[in-house]
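**Q** So that you have it, the file is structure20.txt, and it contains compact mmCIF, C-alpha atoms:
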```
# COMPACT_ATOMS: atom_id res chain seq x y z
CA MET R 21 -7.93 -12.05 250.87
CA ARG R 22 -11.41 -10.56 250.83
CA LEU R 23 -14.50 -12.42 249.73
CA PHE R 24 -16.23 -10.92 246.72
CA LYS R 25 -19.41 -12.03 245.02
CA MET R 26 -19.94 -10.98 241.44
CA ALA R 27 -21.73 -11.92 238.26
CA VAL R 28 -20.59 -11.93 234.67
CA ALA R 29 -22.11 -12.94 231.36
CA VAL R 30 -20.61 -16.07 229.87
CA ASP R 31 -21.12 -18.18 226.78
CA GLN R 32 -23.71 -20.85 227.49
CA HIS R 33 -21.60 -23.81 226.44
CA HIS R 34 -17.95 -22.83 226.55
CA GLY R 35 -17.28 -21.01 229.79
CA PHE R 36 -16.42 -17.34 230.11
CA LYS R 37 -15.69 -15.66 226.81
CA PRO R 38 -16.37 -11.94 227.17
CA PHE R 39 -15.83 -11.32 223.46
CA ASN R 40 -17.93 -14.19 222.11
CA ARG R 41 -21.28 -13.46 220.43
CA SER R 42 -24.11 -15.26 222.15
CA GLN R 43 -27.83 -14.56 221.88
CA ARG R 44 -28.53 -16.44 225.08
CA CYS R 45 -26.14 -16.03 227.96
CA LYS R 46 -26.01 -17.58 231.38
CA LEU R 47 -24.98 -15.93 234.56
CA GLN R 48 -22.15 -17.17 236.73
CA SER R 49 -21.93 -15.85 240.28
CA PHE R 50 -18.87 -16.84 242.24
CA GLY R 51 -16.92 -16.06 245.36
CA HIS R 52 -13.41 -16.35 246.77
CA LEU R 53 -11.94 -13.88 244.31
CA ASP R 54 -8.68 -12.18 245.02
CA GLN R 55 -8.75 -8.42 245.48
CA ASN R 56 -6.36 -8.08 242.55
CA LEU R 57 -9.08 -9.30 240.21
CA LEU R 58 -10.95 -6.07 240.64
CA GLU R 59 -7.93 -4.06 239.57
CA LEU R 60 -7.12 -5.96 236.39
CA SER R 61 -7.13 -4.30 233.02
CA GLN R 62 -9.75 -5.36 230.53
CA THR R 63 -7.15 -7.23 228.44
CA SER R 64 -6.46 -9.72 231.23
CA LEU R 65 -10.05 -10.34 232.28
CA SER R 66 -10.56 -13.54 230.29
CA HIS R 67 -7.64 -15.45 231.81
CA SER R 68 -8.45 -14.26 235.34
CA PHE R 69 -12.10 -15.28 235.12
CA GLU R 70 -11.11 -18.72 233.85
CA LEU R 71 -9.02 -19.14 237.00
CA ALA R 72 -11.87 -17.85 239.14
CA PHE R 73 -14.28 -20.43 237.71
CA GLU R 74 -12.11 -23.16 239.22
CA ALA R 75 -13.44 -22.14 242.63
CA ASP R 76 -15.89 -24.55 244.27
CA ASN R 77 -18.52 -21.95 245.14
CA ILE R 78 -20.18 -21.42 241.73
CA HIS R 79 -23.84 -20.62 241.24
CA ARG R 80 -25.50 -20.66 237.81
CA SER R 81 -28.81 -19.30 236.62
CA PHE R 82 -30.15 -18.80 233.14
CA SER R 83 -31.31 -15.64 231.42
CA THR R 84 -34.30 -15.41 229.13
CA PRO R 85 -34.67 -13.82 225.73
CA CYS R 86 -37.98 -12.17 226.62
CA LEU R 87 -38.48 -8.99 228.63
CA PRO R 88 -40.19 -9.98 231.88
CA LEU R 89 -41.55 -7.26 234.13
CA THR R 90 -42.03 -9.59 237.07
CA THR R 91 -39.89 -12.25 238.69
CA LEU R 92 -39.64 -15.38 236.57
CA ALA R 93 -40.44 -18.78 238.02
CA GLY R 94 -37.32 -20.58 239.04
CA GLU R 95 -35.05 -17.56 239.34
CA ASP R 96 -32.71 -17.69 242.28
CA LEU R 97 -33.03 -14.42 244.15
CA SER R 98 -31.67 -15.71 247.43
CA SER R 99 -28.21 -14.23 247.07
CA PRO R 100 -27.88 -10.86 248.84
CA HIS R 101 -25.05 -9.80 246.55
CA PRO R 102 -25.70 -7.42 243.66
CA ARG R 103 -25.37 -8.90 240.21
CA ILE R 104 -26.25 -8.19 236.60
CA GLU R 105 -27.57 -10.37 233.82
CA ILE R 106 -27.80 -9.78 230.07
CA VAL R 107 -31.36 -10.09 228.74
CA ARG R 108 -30.76 -8.77 225.22
CA GLY R 109 -27.53 -7.75 223.54
CA SER R 110 -24.37 -9.46 222.38
CA GLY R 111 -20.95 -8.84 220.94
CA ALA R 112 -17.57 -7.90 222.35
CA PRO R 113 -18.34 -4.25 223.30
CA VAL R 114 -21.54 -5.24 225.11
CA HIS R 115 -19.94 -8.09 227.02
CA ALA R 116 -16.99 -5.93 228.02
CA LEU R 117 -19.40 -3.28 229.31
CA VAL R 118 -21.37 -5.76 231.41
CA VAL R 119 -18.18 -7.26 232.86
CA GLU R 120 -16.96 -3.81 233.93
CA VAL R 121 -20.28 -3.04 235.62
CA ALA R 122 -20.26 -6.45 237.32
CA ILE R 123 -16.78 -5.77 238.69
CA ALA R 124 -17.87 -2.34 239.91
CA MET R 125 -20.91 -3.80 241.67
CA ALA R 126 -18.79 -6.51 243.25
CA SER R 127 -16.43 -3.89 244.65
CA GLY R 128 -19.32 -2.10 246.33
CA VAL R 129 -20.03 0.64 243.77
CA GLN R 130 -23.61 1.92 244.00
CA PRO R 131 -25.57 3.39 241.07
CA ILE R 132 -25.50 7.19 241.22
CA PRO R 133 -28.76 8.99 240.31
CA LEU R 134 -28.36 11.50 237.49
CA PRO R 135 -30.30 14.76 237.88
CA SER R 136 -30.91 15.45 234.19
CA GLY R 137 -33.86 14.11 232.23
CA LEU R 138 -37.40 13.18 233.19
CA GLY R 139 -36.74 9.49 233.79
CA GLY R 140 -34.63 7.60 236.27
CA ALA R 141 -31.03 7.33 235.07
CA TYR R 142 -28.00 6.12 237.01
CA ALA R 143 -24.26 6.24 236.44
CA PHE R 144 -21.91 3.42 237.36
CA CYS R 145 -18.26 4.20 237.96
CA ASN R 146 -15.21 2.00 238.35
CA GLN R 147 -12.94 1.86 241.39
CA SER R 148 -11.00 4.85 240.08
CA GLY R 149 -14.17 6.94 240.14
CA ASN R 150 -14.50 7.18 236.36
CA ASN R 151 -17.98 6.76 234.91
CA ILE R 152 -18.29 3.63 232.79
CA ALA R 153 -22.02 3.12 232.16
CA VAL R 154 -25.49 4.62 232.39
CA ALA R 155 -28.52 2.50 233.38
CA LYS R 156 -32.16 3.48 232.76
CA PRO R 157 -34.67 1.22 234.55
CA VAL R 158 -37.84 0.44 232.61
CA ASP R 159 -40.15 1.14 235.54
CA GLU R 160 -38.62 4.58 236.08
CA GLU R 161 -39.23 6.01 232.62
CA PRO R 162 -41.11 9.32 232.33
CA LEU R 163 -44.73 8.81 233.49
CA ALA R 164 -43.97 5.26 234.71
CA PHE R 165 -45.27 4.21 238.12
CA ASN R 166 -41.81 4.06 239.71
CA ASN R 167 -40.46 7.31 238.27
CA PRO R 168 -38.23 9.03 240.87
CA LYS R 169 -38.68 12.57 239.55
CA GLY R 170 -42.32 13.17 240.27
CA SER R 171 -43.74 12.42 236.82
CA GLY R 172 -44.87 8.86 237.44
CA CYS R 173 -48.20 7.24 238.13
CA GLN R 174 -49.08 5.26 235.02
CA MET R 175 -48.69 1.60 234.21
CA LEU R 176 -46.32 0.21 231.62
CA GLY R 177 -47.75 -0.16 228.14
CA LEU R 178 -49.83 3.02 228.16
CA PRO R 179 -49.02 5.92 225.80
CA GLY R 180 -46.02 7.86 227.07
CA LEU R 181 -44.68 11.39 226.61
CA LYS R 182 -44.77 10.63 222.90
CA GLY R 183 -48.13 9.03 222.21
CA SER R 184 -46.63 6.75 219.57
CA ILE R 185 -44.19 5.21 222.09
CA ARG R 186 -45.51 3.36 225.12
CA ILE R 187 -44.32 3.66 228.69
CA GLY R 188 -41.72 1.03 229.45
CA GLU R 189 -40.64 0.56 225.85
CA THR R 190 -37.90 3.15 225.43
CA GLY R 191 -35.24 0.68 226.57
CA ILE R 192 -35.81 -1.67 223.65
CA ARG R 193 -35.51 1.30 221.31
CA GLU R 194 -32.18 2.25 222.86
CA LEU R 195 -30.92 -1.21 221.97
CA ALA R 196 -32.56 -1.09 218.52
CA ALA R 197 -30.56 2.02 217.64
CA TYR R 198 -27.33 0.24 218.59
CA LEU R 199 -28.25 -2.87 216.61
CA LEU R 200 -29.06 -0.83 213.50
CA ASP R 201 -25.97 1.39 213.64
CA HIS R 202 -24.08 -0.93 211.32
CA GLY R 203 -20.34 -0.75 211.71
CA GLY R 204 -20.69 1.98 214.32
CA PHE R 205 -21.43 4.42 211.48
CA ALA R 206 -23.12 7.02 213.69
CA GLY R 207 -21.24 6.04 216.87
CA VAL R 208 -24.15 4.83 219.03
CA PRO R 209 -22.48 3.60 222.26
CA PRO R 210 -22.64 -0.12 223.13
CA THR R 211 -26.07 -0.86 224.59
CA ALA R 212 -27.80 -3.85 226.17
CA LEU R 213 -30.94 -4.75 228.07
CA VAL R 214 -30.04 -6.17 231.46
CA LYS R 215 -31.54 -7.24 234.76
CA PHE R 216 -30.05 -5.96 238.00
CA TYR R 217 -30.40 -8.06 241.14
CA ASN R 218 -30.10 -6.38 244.53
CA ALA R 219 -28.85 -3.12 243.06
CA ALA R 220 -29.71 -0.11 245.24
CA PHE R 221 -31.55 2.24 242.90
CA SER R 222 -32.90 5.39 244.52
CA VAL R 223 -36.63 4.65 244.40
CA THR R 224 -36.21 1.38 246.28
CA THR R 225 -36.01 1.87 250.04
CA ASP R 226 -37.22 -1.52 251.24
CA ALA R 227 -34.38 -4.07 251.35
CA ALA R 228 -36.86 -6.93 250.97
CA THR R 229 -38.22 -5.37 247.79
CA VAL R 230 -34.73 -4.93 246.38
CA SER R 231 -33.99 -8.64 246.65
CA ALA R 232 -37.45 -9.81 245.55
CA VAL R 233 -37.70 -8.28 242.08
CA PRO R 234 -35.00 -7.90 239.44
CA LYS R 235 -34.71 -4.46 237.86
CA LEU R 236 -34.98 -4.45 234.06
CA ALA R 237 -33.02 -1.60 232.49
CA SER R 238 -31.16 -0.45 229.42
CA LEU R 239 -27.41 -0.19 229.96
CA GLN R 240 -25.18 1.97 227.79
CA ARG R 241 -21.49 2.75 227.73
CA PHE R 242 -20.80 6.15 229.30
CA ILE R 243 -19.20 8.54 226.81
CA GLY R 244 -16.67 10.98 228.21
CA HIS R 245 -17.33 14.34 226.63
CA GLY R 246 -16.42 17.96 226.98
CA PHE R 247 -19.76 19.48 225.97
CA ASP R 248 -23.08 18.68 224.41
CA ALA R 249 -24.07 20.19 221.08
CA GLY R 250 -26.12 22.94 222.69
CA GLU R 251 -23.12 24.30 224.57
CA LEU R 252 -21.01 24.87 221.47
CA GLY R 253 -23.24 25.40 218.46
CA PRO R 254 -23.11 23.79 215.00
CA SER R 255 -20.11 25.71 213.66
CA PHE R 256 -17.81 23.49 215.75
CA PHE R 257 -18.98 20.14 214.35
CA SER R 258 -17.61 18.08 211.47
CA VAL R 259 -19.80 17.57 208.41
CA ASP R 260 -19.31 13.80 208.58
CA SER R 261 -20.48 13.63 212.16
CA VAL R 262 -23.67 15.61 211.46
CA HIS R 263 -24.45 13.53 208.38
CA GLN R 264 -23.92 10.23 210.16
CA ILE R 265 -26.27 11.14 213.00
CA GLY R 266 -28.81 12.57 210.54
CA ILE R 267 -28.84 9.40 208.45
CA LEU R 268 -29.50 7.34 211.58
CA ASP R 269 -32.26 9.69 212.75
CA ILE R 270 -34.05 9.53 209.40
CA ARG R 271 -33.96 5.73 209.33
CA LEU R 272 -35.33 5.49 212.87
CA LEU R 273 -37.70 8.50 212.61
CA ASN R 274 -36.21 9.93 215.79
CA LEU R 275 -38.78 12.07 217.59
CA ASP R 276 -36.29 13.64 219.99
CA ARG R 277 -32.92 14.51 218.47
CA HIS R 278 -32.12 17.64 220.45
CA ALA R 279 -28.79 19.30 221.20
CA GLY R 280 -28.51 17.71 224.64
CA ASN R 281 -28.33 14.16 223.30
CA MET R 282 -25.48 14.83 220.90
CA LEU R 283 -22.26 14.76 222.90
CA VAL R 284 -19.11 16.53 221.74
CA MET R 285 -16.15 14.20 222.03
CA LYS R 286 -13.17 15.44 223.96
CA HIS R 287 -10.50 16.91 221.70
CA ASP R 288 -7.72 19.39 222.08
CA HIS R 289 -8.50 23.08 221.92
CA ASN R 290 -7.49 23.34 218.26
CA SER R 291 -10.20 20.86 217.29
CA TYR R 292 -12.88 23.16 218.65
CA VAL R 293 -11.31 26.24 217.11
CA HIS R 294 -11.19 24.72 213.64
CA GLY R 295 -14.67 23.23 213.78
CA VAL R 296 -13.79 19.54 213.48
CA ALA R 297 -15.27 18.18 216.70
CA ASP R 298 -17.16 14.89 216.40
CA LEU R 299 -20.58 14.16 217.88
CA VAL R 300 -21.79 11.02 219.63
CA PRO R 301 -25.56 10.32 219.60
CA ILE R 302 -27.22 9.04 222.79
CA ASP R 303 -30.79 8.68 224.14
CA HIS R 304 -32.69 6.83 221.41
CA GLY R 305 -35.73 5.89 223.46
CA PHE R 306 -38.02 8.02 221.29
CA CYS R 307 -37.22 6.48 217.94
CA LEU R 308 -39.15 3.86 215.92
CA PRO R 309 -42.62 5.13 216.86
CA GLU R 310 -45.68 2.99 216.22
CA TRP R 311 -46.89 5.33 213.50
CA LEU R 312 -45.56 8.12 211.32
CA ASP R 313 -45.24 10.73 214.02
CA ASP R 314 -43.60 14.16 213.80
CA PRO R 315 -39.82 13.87 214.23
CA TYR R 316 -37.55 16.47 215.78
CA PHE R 317 -34.15 16.93 214.14
CA GLU R 318 -31.96 19.52 215.85
CA TRP R 319 -29.54 19.37 212.92
CA LEU R 320 -32.21 20.22 210.35
CA HIS R 321 -31.15 23.83 209.81
CA TRP R 322 -27.46 23.42 210.51
CA PRO R 323 -25.29 24.35 207.51
CA GLN R 324 -23.74 20.86 207.43
CA ALA R 325 -27.15 19.37 206.64
CA SER R 326 -27.29 21.27 203.33
CA ILE R 327 -23.96 19.89 202.11
CA PRO R 328 -24.37 16.93 199.69
CA PHE R 329 -23.60 13.45 200.90
CA SER R 330 -20.03 12.27 200.40
CA ASP R 331 -19.27 9.21 198.28
CA SER R 332 -18.75 7.06 201.37
CA GLU R 333 -22.02 8.24 202.91
CA PHE R 334 -23.90 7.59 199.68
CA GLU R 335 -22.37 4.13 199.51
CA TYR R 336 -23.45 3.42 203.10
CA ILE R 337 -27.01 4.53 202.32
CA SER R 338 -27.17 2.52 199.10
CA LYS R 339 -26.16 -0.66 200.96
CA LEU R 340 -28.84 -0.31 203.64
CA ASP R 341 -31.34 -3.15 203.47
CA PRO R 342 -34.57 -2.25 205.30
CA PHE R 343 -35.90 -5.80 205.15
CA ARG R 344 -32.72 -7.28 206.62
CA ASP R 345 -32.86 -4.62 209.35
CA ALA R 346 -36.48 -5.56 210.00
CA GLU R 347 -35.46 -9.17 210.51
CA ILE R 348 -32.72 -8.11 212.91
CA LEU R 349 -35.30 -6.35 215.06
CA ARG R 350 -37.81 -9.20 214.87
CA THR R 351 -35.14 -11.66 215.96
CA GLU R 352 -33.32 -9.61 218.59
CA LEU R 353 -36.26 -7.60 219.95
CA PRO R 354 -39.42 -9.69 219.50
CA SER R 355 -41.40 -7.42 221.81
CA LEU R 356 -41.01 -4.47 219.42
CA ARG R 357 -44.29 -4.08 217.58
CA GLU R 358 -44.55 -4.73 213.86
CA SER R 359 -45.97 -1.26 213.31
CA SER R 360 -42.65 0.24 214.50
CA ILE R 361 -40.67 -2.10 212.28
CA ARG R 362 -42.72 -1.00 209.29
CA VAL R 363 -41.92 2.63 210.12
CA LEU R 364 -38.24 1.68 209.87
CA ILE R 365 -38.79 0.06 206.47
CA VAL R 366 -40.71 3.04 205.05
CA CYS R 367 -38.22 5.61 206.36
CA THR R 368 -35.22 3.65 205.07
CA ILE R 369 -36.76 3.33 201.60
CA PHE R 370 -37.53 7.05 201.69
CA LEU R 371 -33.91 7.84 202.62
CA LYS R 372 -32.42 5.57 199.96
CA GLN R 373 -34.54 6.93 197.13
CA ALA R 374 -34.10 10.53 198.26
CA ALA R 375 -30.32 10.19 198.36
CA ALA R 376 -30.33 8.52 194.94
CA ALA R 377 -32.37 11.45 193.62
CA GLY R 378 -29.67 13.86 194.80
CA LEU R 379 -31.40 15.36 197.82
CA CYS R 380 -29.31 16.45 200.79
CA LEU R 381 -29.87 15.67 204.46
CA ALA R 382 -31.75 18.93 205.09
CA ASP R 383 -34.13 18.28 202.16
CA ILE R 384 -34.96 14.80 203.42
CA GLY R 385 -35.45 15.94 207.01
CA GLN R 386 -37.78 18.74 205.92
CA MET R 387 -39.90 16.31 203.92
CA MET R 388 -40.36 14.15 207.01
CA THR R 389 -41.20 17.03 209.38
CA ARG R 390 -44.67 18.53 209.81
CA GLU R 391 -45.28 22.18 209.09
CA PHE R 392 -47.05 24.77 211.24
CA CYS R 393 -49.09 27.45 209.54
CA GLY R 394 -51.54 29.78 211.26
CA GLY R 395 -51.18 27.84 214.48
CA GLU R 396 -52.21 24.59 212.80
CA GLU R 397 -50.15 21.51 212.07
CA SER R 398 -50.20 19.92 208.64
CA PRO R 399 -48.92 16.48 207.62
CA SER R 400 -45.38 16.12 206.35
CA GLU R 401 -44.63 15.31 202.73
CA LEU R 402 -43.77 11.78 203.80
CA GLU R 403 -47.14 11.45 205.53
CA ASN R 404 -49.00 12.90 202.54
CA THR R 405 -47.26 10.42 200.27
CA CYS R 406 -48.24 7.54 202.53
CA LEU R 407 -51.82 8.80 202.64
CA LYS R 408 -51.98 8.73 198.85
CA VAL R 409 -50.66 5.20 198.79
CA ARG R 410 -53.10 4.04 201.44
CA ALA R 411 -56.00 5.55 199.54
CA SER R 412 -55.04 3.50 196.48
CA ILE R 413 -55.41 0.19 198.34
CA PRO R 414 -58.97 -1.11 198.04
CA HIS R 415 -61.02 -2.11 201.09
CA VAL R 416 -58.32 -1.32 203.62
CA PHE R 417 -58.72 2.07 205.26
CA ARG R 418 -62.48 2.38 205.49
CA ASN R 419 -62.62 2.77 209.25
CA GLU R 420 -63.64 6.39 209.80
CA GLU R 421 -62.13 6.52 213.27
CA THR R 422 -58.72 5.51 211.91
CA GLU R 423 -58.94 7.93 208.99
CA GLU R 424 -59.63 10.79 211.37
CA GLY R 425 -56.47 9.90 213.23
CA SER R 426 -58.05 9.60 216.68
CA ASP R 427 -55.44 7.00 217.64
CA CYS R 428 -52.48 8.00 215.53
CA GLY R 429 -52.29 11.76 215.39
CA ILE R 430 -52.40 13.76 212.16
CA GLY R 431 -53.52 11.66 209.21
CA GLY R 432 -53.84 8.54 211.38
CA ILE R 433 -50.95 6.98 209.47
CA SER R 434 -50.35 3.70 211.20
CA LEU R 435 -48.63 1.08 209.08
CA GLY R 436 -49.45 -1.79 211.38
CA ASP R 437 -53.12 -2.25 210.48
CA MET R 438 -52.47 -3.82 207.06
CA ASN R 439 -52.32 -7.54 206.44
CA GLN R 440 -49.27 -8.92 204.65
CA GLY R 441 -50.81 -8.64 201.19
CA GLU R 442 -51.89 -5.06 201.75
CA TRP R 443 -48.48 -4.18 203.18
CA GLU R 444 -46.67 -5.59 200.14
CA TYR R 445 -48.99 -3.68 197.83
CA PHE R 446 -48.38 -0.52 199.87
CA LEU R 447 -44.60 -0.86 199.46
CA GLU R 448 -44.92 -1.49 195.73
CA ILE R 449 -46.96 1.68 195.16
CA PHE R 450 -44.82 3.67 197.60
CA ASN R 451 -41.65 2.81 195.70
CA LYS R 452 -43.24 3.78 192.39
CA LEU R 453 -44.57 7.09 193.70
CA LEU R 454 -41.39 8.38 195.34
CA PRO R 455 -39.39 9.41 192.23
CA ALA R 456 -42.06 11.95 191.26
CA VAL R 457 -42.23 13.23 194.83
CA PHE R 458 -38.48 13.86 194.92
CA GLU R 459 -38.44 15.43 191.48
CA ASP R 460 -41.12 17.86 192.63
CA LYS R 461 -39.02 18.67 195.71
CA LYS R 462 -35.98 19.46 193.54
CA CYS R 463 -38.07 21.74 191.34
CA LYS R 464 -39.27 23.66 194.40
CA ASN R 465 -35.68 24.05 195.59
```
What does the file become when written as structure tokens?
**A**
Amino acid sequence: MRLFKMAVAVDQHHGFKPFNRSQRCKLQSFGHLDQNLLELSQTSLSHSFELAFEADNIHRSFSTPCLPLTTLAGEDLSSPHPRIEIVRGSGAPVHALVVEVAIAMASGVQPIPLPSGLGGAYAFCNQSGNNIAVAKPVDEEPLAFNNPKGSGCQMLGLPGLKGSIRIGETGIRELAAYLLDHGGFAGVPPTALVKFYNAAFSVTTDAATVSAVPKLASLQRFIGHGFDAGELGPSFFSVDSVHQIGILDIRLLNLDRHAGNMLVMKHDHNSYVHGVADLVPIDHGFCLPEWLDDPYFEWLHWPQASIPFSDSEFEYISKLDPFRDAEILRTELPSLRESSIRVLIVCTIFLKQAAAAGLCLADIGQMMTREFCGGEESPSELENTCLKVRASIPHVFRNEETEEGSDCGIGGISLGDMNQGEWEYFLEIFNKLLPAVFEDKKCKN
């Protein structure tokens, strides 16, 4: 029997329950596990871990619901064994993912650096060599001080590649996309925020440093795929799949939906031939900006985007509740700024009213995207509408610097600088103004 040391997320009061929802988890690290444990199927994990917890050598430490960037007081970092702890994220798919990564780490699997992208990203595989998860450390994001690909030097919290999204905050947006993909409508893979202890990421060469500071990262289920969208082209994709991703992107004002972050699920050859392949959206770190920035929707001019919404899609849109979604984010991700949450509310209202007015996905996406004419960029129709509403609110937007957009890009349309009364008035006028805006769009079509 070999000695293994591993960590798994467990319910705080009732022992290990990998499929139990829990907003605050505790970590259990334990030894004296039989080799067979690491080869068990997922369906037998619960019983096996219950047996393992009967061992005498059990260490417990508690996670925290905040997102610390430094070691927390009282954390036990003395163990040399790699382990993982959930910081944010819950539910059966998330817990199953973390358990699989914990087992892989316990069996000696090291994170494998991925060459693509501008930030640090690492794959974890199981003992069979199959990829199971992708981790993206916060301090290795593009431009971050610990970036392993030569683009880092700046501190967390400064404006990043997208000025409306700060360095070190893409991980919380990855989780936000998963939380808001109700019922797995768009297929966002299970995602969590985790802390890695003693995991050998590539930028860390000093063993003492590895054990001294936990590594905060987003963790997402790896999706096996045959291609990405750029390798096949839109004619291969199902209408439903394009619509589902587009609806998510509009709600979140995704600034970076390109072909490379839409994966084509593995199907037989006939699926590709007949154009029914499904897409899986990944990489949501550039959604929910702090102001109404210019989105990028790869699907905007695909033929599927011009097809009207189906009855089931319209029903899904009609049931979206932007204020309930806002509360989900405030509760689950308290570090996400209110300005970003207000962007979600405005974009969801815009989507709901546009769909009710009979506009298709392409129409809505075009109204949210800025136009270029003569080498100059002009505000989108959504931004122009918000500017009109802002101008109607007395004594609010009198700061010339803000109006010129020195901090917020074209139009300076930040929604976070209003007090609660002003914000409520803004939403009231915005809702009243939209029907005329959409009617004008239909006339132009």
**Q** Counting only C-alpha atoms, figure out which residue out of R:Gly191, R:Ser148, R:Pro210, R:Leu134 gets nearest to R:Gly111.
**A** R:Pro210
**Q** For R:Pro309, which of R:Gln264, R:Thr351, R:Ser171, R:Ser360 is the closest residue, counting only C-alpha atoms?
**A**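 Result for the nearest residue to R:Pro309: R:Ser360.
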**Q** If we count all atoms listed in the file and set the cut-off at 10 Å, which residues sit around R:Ala376, ignoring sequence neighbours fewer than 4 positions away in its own chain? Please answer as a list of chain:residue names.
**A** R:Phe334, R:Ile337, R:Ser338, R:Phe370, R:Leu371, R:Lys372, R:Cys380, R:Pro455, R:Phe458
**Q** By how many Å are atom CA of R:Tyr316 and atom CA of R:Cys463 apart?
**A**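 Separation between atom CA of R:Tyr316 and atom CA of R:Cys463: 25.0 Å.
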**Q** Would you please work out which residue, of R:Pro414, R:Pro135, R:Gly170, R:Pro399, is nearest to R:Ile433 when using all atoms listed in the file?
**A**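 Answer, going by the shortest atom-to-atom distance: R:Pro399.
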**Q** To one decimal place, how far is atom CA of R:Gln324 from atom CA of R:Leu200 in Å?
**A** 23.1 Å
**Q** Between R:Leu236, R:Gly137, R:Leu176, R:Phe450, single out the one closest to R:Gly280, counting all atoms listed in the file.
**A**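 Between R:Leu236, R:Gly137, R:Leu176, R:Phe450, the residue approaching R:Gly280 most closely is R:Gly137.
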